[in-house]
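Structure record follows, encoded as structure tokens.
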Amino acid sequence: MAFAEHEVLIRRDAMAVYNFLIDGMNLPQWRRGIRAIDLVSGAAGTKGAVYQQTMTGRAGRPVPADFEITQARPGAEIQFKVISGPAQPAGGYYLSTEQSGTRVRFALEYQPKGLLGLMNTGIQRTMKAEVTQLARLKDVLEMRKAA
């Protein structure tokens with residue numbers, strides 16, 4: 001199994017961070033590699049919402065990475081699972097309030113099947129690169145506050 005997590009402290013209140021994260025249409029503002037994203041079913045920001053997402057894969061090829069929100073606890077937690085594409089991890093954003101802002105932890109977990117299990121090191125590296133993009137979320141949200 002591959003697992004990666006990263007956390008940052010964002011100088012914004014938990015509901016502001018949550019409201020930004022729960023809207024999948026905000027992902028391109030802080031995550032690299034997203035070519036296109038659209039809400040295809042369910043209500044935005046709710047459990048059961050499904051987003052059709054295309055990522056940039058190896059050699060610049062488009063890769064499907066549609067996902068569904070599986071848990072939504074306002075101000076506290078958002079969980080999702082990828083439902084299309086070559087890798088289908090599950091993950092979440094976990095928020096906790098601190099005196100100086102909101103601590104956000106982004107975690108991904110993936111159980112490779114078949115031959116993908118032999119490429120665990122590459123999968124682990126890719127997942128780590130995904131979760132460390134959380135630093136960009138911090139920059140985006142803190143710059144919004146200053147504006």
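Each chain of the structure tokens is named A, B, ... in the order shown, its residues numbered from 1; ligands are numbered from 1 in display order.
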
Fill in: Gln79 of chain A environment, 12 Å, only C-alpha atoms, sequence neighbours closer than 4 positions dropped, as a ChimeraX atom specification
/A:18,21-22,24,45-49,67-74,89-95,105-109

Worksheet item: Which residues, written as a ChimeraX atom specification, have at least one atom at most 10 Å from Asp13 of chain A, with only C-alpha atoms counted and residues fewer than 4 positions away on the same chain left out?
Response: /A:17-18,75,95-103

Written selection (all heavy atoms) as a tab-separated table (two decimals), in the first residue's frame:
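Result file follows (selection.tsv):
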```
chain	number	residue	atom	x	y	z
A	17	VAL	N	-11.21	27.96	4.89
A	17	VAL	CA	-10.40	26.92	4.25
A	17	VAL	C	-11.31	25.81	3.73
A	17	VAL	O	-11.19	25.37	2.58
A	17	VAL	CB	-9.35	26.36	5.23
A	17	VAL	CG1	-8.60	25.19	4.61
A	17	VAL	CG2	-8.38	27.45	5.66
A	18	TYR	N	-12.23	25.37	4.55
A	18	TYR	CA	-13.16	24.31	4.16
A	18	TYR	C	-13.96	24.70	2.91
A	18	TYR	O	-14.07	23.93	1.96
A	18	TYR	CB	-14.10	24.00	5.33
A	18	TYR	CG	-15.15	22.97	4.98
A	18	TYR	CD1	-14.89	21.61	5.12
A	18	TYR	CD2	-16.41	23.36	4.50
A	18	TYR	CE1	-15.85	20.67	4.79
A	18	TYR	CE2	-17.37	22.42	4.17
A	18	TYR	CZ	-17.08	21.08	4.31
A	18	TYR	OH	-18.03	20.14	3.97
A	75	GLY	N	-16.03	22.56	8.08
A	75	GLY	CA	-15.00	23.08	8.95
A	75	GLY	C	-14.05	22.05	9.51
A	75	GLY	O	-13.11	22.39	10.24
A	95	LEU	N	-9.00	19.24	8.85
A	95	LEU	CA	-8.77	20.59	9.35
A	95	LEU	C	-8.89	20.63	10.87
A	95	LEU	O	-9.78	19.98	11.44
A	95	LEU	CB	-9.81	21.56	8.76
A	95	LEU	CG	-9.68	21.92	7.28
A	95	LEU	CD1	-9.84	20.75	6.36
A	95	LEU	CD2	-10.71	22.99	6.93
A	96	SER	N	-8.01	21.38	11.50
A	96	SER	CA	-8.11	21.61	12.94
A	96	SER	C	-7.77	23.07	13.22
A	96	SER	O	-6.85	23.63	12.63
A	96	SER	CB	-7.20	20.67	13.73
A	96	SER	OG	-5.86	20.82	13.34
A	97	THR	N	-8.54	23.65	14.10
A	97	THR	CA	-8.37	25.06	14.43
A	97	THR	C	-7.25	25.23	15.45
A	97	THR	O	-7.18	24.50	16.44
A	97	THR	CB	-9.69	25.64	15.00
A	97	THR	OG1	-10.69	25.51	13.99
A	97	THR	CG2	-9.54	27.10	15.38
A	98	GLU	N	-6.39	26.20	15.17
A	98	GLU	CA	-5.34	26.58	16.10
A	98	GLU	C	-5.43	28.08	16.31
A	98	GLU	O	-6.12	28.77	15.55
A	98	GLU	CB	-3.97	26.19	15.54
A	98	GLU	CG	-3.80	24.69	15.41
A	98	GLU	CD	-2.38	24.27	15.05
A	98	GLU	OE1	-1.48	25.13	15.04
A	98	GLU	OE2	-2.20	23.08	14.78
A	99	GLN	N	-4.74	28.58	17.29
A	99	GLN	CA	-4.84	30.00	17.60
A	99	GLN	C	-4.46	30.88	16.42
A	99	GLN	O	-5.08	31.91	16.18
A	99	GLN	CB	-3.96	30.33	18.81
A	99	GLN	CG	-4.16	31.73	19.32
A	99	GLN	CD	-3.50	31.95	20.67
A	99	GLN	OE1	-2.94	31.05	21.24
A	99	GLN	NE2	-3.59	33.17	21.15
A	100	SER	N	-3.46	30.48	15.65
A	100	SER	CA	-2.99	31.32	14.55
A	100	SER	C	-3.60	30.97	13.19
A	100	SER	O	-3.20	31.51	12.18
A	100	SER	CB	-1.46	31.27	14.47
A	100	SER	OG	-1.03	29.93	14.30
A	101	GLY	N	-4.56	30.05	13.16
A	101	GLY	CA	-5.19	29.70	11.89
A	101	GLY	C	-5.73	28.29	11.88
A	101	GLY	O	-6.20	27.79	12.90
A	102	THR	N	-5.65	27.65	10.73
A	102	THR	CA	-6.18	26.30	10.55
A	102	THR	C	-5.07	25.38	10.06
A	102	THR	O	-4.41	25.66	9.06
A	102	THR	CB	-7.33	26.30	9.52
A	102	THR	OG1	-8.33	27.21	9.96
A	102	THR	CG2	-7.92	24.93	9.34
A	103	ARG	N	-4.88	24.28	10.77
A	103	ARG	CA	-3.93	23.26	10.33
A	103	ARG	C	-4.67	22.34	9.38
A	103	ARG	O	-5.76	21.86	9.69
A	103	ARG	CB	-3.37	22.47	11.51
A	103	ARG	CG	-2.32	21.47	11.06
A	103	ARG	CD	-1.39	21.07	12.16
A	103	ARG	NE	-0.70	22.16	12.80
A	103	ARG	CZ	0.40	22.77	12.36
A	103	ARG	NH1	0.95	22.38	11.22
A	103	ARG	NH2	0.95	23.74	13.05
```

Discussion item. Given only C-alpha atoms as the basis, pick out the residue of A:Arg61, A:Phe20, A:Lys113, A:Val104 nearest to Ala135 of chain A.
Written reply: A:Val104

Item to complete: Go through chain A and collect every residue that DSSP, computed from the backbone, puts in alpha helix (DSSP H); the answer should be as a PyMOL selection string.
Response: chain A and resi 14-22+120-131+134-146

Take the residues that were just selected and, keeping C-alpha atoms, output them as a compact mmCIF listing (two decimals), in the first residue's frame.
```txt
# COMPACT_ATOMS: atom_id res chain seq x y z
CA ALA A 14 -11.44 26.72 9.33
CA MET A 15 -14.67 27.54 7.50
CA ALA A 16 -12.88 29.74 4.95
CA VAL A 17 -10.40 26.92 4.25
CA TYR A 18 -13.16 24.31 4.16
CA ASN A 19 -15.36 26.34 1.81
CA PHE A 20 -12.46 26.76 -0.61
CA LEU A 21 -11.46 23.08 -0.52
CA ILE A 22 -14.98 21.64 -0.80
CA ASN A 120 5.23 1.06 -5.52
CA THR A 121 8.26 3.37 -5.33
CA GLY A 122 7.08 5.44 -8.29
CA ILE A 123 3.53 5.54 -6.97
CA GLN A 124 4.77 6.62 -3.55
CA ARG A 125 6.85 9.41 -5.12
CA THR A 126 3.88 10.65 -7.18
CA MET A 127 1.58 10.67 -4.16
CA LYS A 128 4.13 12.58 -2.09
CA ALA A 129 4.37 15.19 -4.86
CA GLU A 130 0.58 15.53 -4.82
CA VAL A 131 0.22 16.10 -1.08
CA LEU A 134 -0.66 21.82 -0.04
CA ALA A 135 1.98 24.54 0.37
CA ARG A 136 0.49 26.20 -2.73
CA LEU A 137 -2.96 26.14 -1.11
CA LYS A 138 -1.49 28.03 1.84
CA ASP A 139 -0.08 30.67 -0.50
CA VAL A 140 -3.35 31.05 -2.43
CA LEU A 141 -5.55 31.38 0.65
CA GLU A 142 -3.22 33.69 2.57
CA MET A 143 -2.80 35.97 -0.44
CA ARG A 144 -6.60 36.15 -0.76
CA LYS A 145 -6.81 37.38 2.79
CA ALA A 146 -4.34 40.19 2.11
```

Worksheet entry | Shell of 10 Å around Gln52 of chain A, only C-alpha atoms, local chain residues under 6 positions omitted, as a list of chain:residue names |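 Counting only the stated atoms, we get A:Gly24, A:Ala36, A:Ile37, A:Asp38, A:Leu39, A:Val40, A:Ser41, A:Pro64, A:Ala65, A:Asp66, A:Phe67, A:Glu68, A:Val82, A:Ile83, A:Ser84.
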
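Atom CA of Arg35 of chain A lies 5.4 Å from atom CA of Thr54 of chain A.
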
Worksheet entry | Sel. of strand (DSSP E or B) residues, segment 24-147 of chain A, as a PyMOL selection string | chain A and resi 34-41+50-56+62-64+67-73+77-82+90-98+101-110
